[in-house]
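Enquirer: To start, I am sharing the structure in question, which I have written as structure tokens.
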Amino acid sequence: MIILIHGAWHGAWVWERVIGPGMVAPELDLAADLSAHVAAIGELIGRSTEPVRLVGHSYGAAVAQLAAARWADRVEELVCLDGFVLRPGQAVIDLVPPRIRLAWLEQGGMVRPLGVDVMAVNDADRDWVQARLRPQSLRCFVERAPEGTGFGGKRFYARASGFAFPPFDRILARCTREGWECETVATGHDVMLAAPDWVKDRIGARKDEVKG
């Protein structure tokens, strides 16, 4: 099974160009917190009769990372698409630029989405994406990763070069140092919308479709 985990302010809809046989894209409760999201992915892992691949985008990469570490014996690969990879004790809010951090804290409660211009969503999808983005709980961004966030299985990190976001450049450099397989893809932040075939190839989805 391949579990596709959407990012902040998004929903399962963002995977509609990628999802196919053997894949599931859960709808995260945007009013919940990071622990609840990790637990929801754990429930899906528990239902699978075979090892799973976790694919997380943006904030969803942190969810995927923590789930992979917690259920490491059931996860065969962790794929992080232009997303957050946390160290123990880190929160997403620790890694974003100061102006974004301050804006989130000032809003409190439910945090408004970053706009499609900021995320460099491809032109053809901007209106479609903007209409679907929803506020998300600040608790997702301030909750700190527990000890034991490491995952010893196959790990892949993709950086979307069209999205100017220095924190992800630093995460890419860190993942490279730590032995992840890494690649840069020439799209905006929503890689699965701009390059769905690339994503399907990378996570082995098209290979699975052929076998099926």
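Ordered as shown in the structure tokens, chains take letters A, B, and onward, while each chain numbers its residues from 1 and ligands are numbered from 1 in the order shown.
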I'd like the neighbourhood of stretch 131-145 of chain A as a PyMOL selection string, where a residue qualifies if any of its atoms comes within 10 Å (using only C-alpha atoms), though same-chain residues fewer than 5 positions away should be ignored.
Expert: chain A and resi 8-11+13-14+29-37+59+62-63+65-66+85-96+101+104-105+107-116+126
Enquirer: Counting only C-alpha atoms, what is within 12 Å of A:Arg47, bar same-chain residues fewer than 4 positions away, as a PDB file with C-alpha atoms, in the first residue's frame?
Expert:
```pdb
ATOM      1  CA  MET A   1       0.000   0.000   0.000  1.00  0.00           C
ATOM      2  CA  ILE A   3      -0.221   6.183   1.658  1.00  0.00           C
ATOM      3  CA  VAL A  24      -4.908   5.682  -0.324  1.00  0.00           C
ATOM      4  CA  ALA A  40      -4.403   8.398  11.767  1.00  0.00           C
ATOM      5  CA  ILE A  41      -1.615   7.239   9.472  1.00  0.00           C
ATOM      6  CA  GLY A  42      -0.749   4.522  11.984  1.00  0.00           C
ATOM      7  CA  GLU A  43      -4.291   3.179  11.737  1.00  0.00           C
ATOM      8  CA  PRO A  51       4.689  -3.255   3.941  1.00  0.00           C
ATOM      9  CA  VAL A  52       3.701   0.310   3.068  1.00  0.00           C
ATOM     10  CA  ARG A  74       5.799  -1.964   8.643  1.00  0.00           C
TER      11      ARG A  74
END
```
Enquirer: So the first atom is atom CA of A:Ala67 and the second is atom CA of A:Val121; what is the distance between them in Å, to one decimal place?
Expert: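 Taking atom CA of A:Ala67 as the start and atom CA of A:Val121 as the end point, the length is 27.3 Å.
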Enquirer: Using only C-alpha atoms, which of the listed residues (A:Asp197, A:Asp190, A:Glu181, A:Asp127) sits closest to A:Asp82?
Expert: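 That would be A:Asp190, the residue with the smallest distance to A:Asp82.
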Enquirer: For the contact check between stretch 39-153 of chain A and stretch 4-7 of chain A, emit one row per residue of stretch 39-153 of chain A within 6 Å, containing the shortest atom pair and the distance in Å rounded to one decimal, counting only C-alpha atoms, chain then rising number order, as a Markdown table.
Expert:
```
| residue | atom | partner | partner_atom | distance |
| --- | --- | --- | --- | --- |
| A:Val55 | CA | A:Leu4 | CA | 4.9 |
| A:Gly56 | CA | A:Ile5 | CA | 4.6 |
| A:His57 | CA | A:Gly7 | CA | 5.1 |
| A:Ser58 | CA | A:Gly7 | CA | 4.9 |
| A:Tyr59 | CA | A:Gly7 | CA | 4.6 |
| A:Gly60 | CA | A:Gly7 | CA | 4.5 |
```
Enquirer: Tell me, as a list in words, which residues lie within 9 Å of stretch 164-179 of chain A, counting only C-alpha atoms; anything in the same chain fewer than 6 positions away does not count.
Expert: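 Within the cut-off, the hits are Asp82, Gly83, Phe84, Val85, Leu86, Leu95, Val96, Pro97, Val118, Met119, Ala120, Arg155, Phe156, Tyr157, Ala158, Gly188 and His189 of chain A.
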Enquirer: Tell me which of A:Gly46, A:Gly153, A:Gly148, A:Pro21 sits closest to A:Ala72, counting only C-alpha atoms.
Expert: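 Closest to A:Ala72 of all the choices is A:Gly153.
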Enquirer: Got a sec to tell me which of stretch 33-209 of chain A DSSP assigns to alpha helix (DSSP H), as an MDAnalysis selection string?
Expert: chainID A and resid 34:47 59:70 92:95 98:107 126:130 139:142 166:177 191:194 196:202 205:209
Enquirer: Write down as a ChimeraX atom specification the residues of chain A whose backbone DSSP state falls under strand (DSSP E).
Expert: /A:2-5,23-24,52-57,75-81,110-111,136-137,154-160,181-185
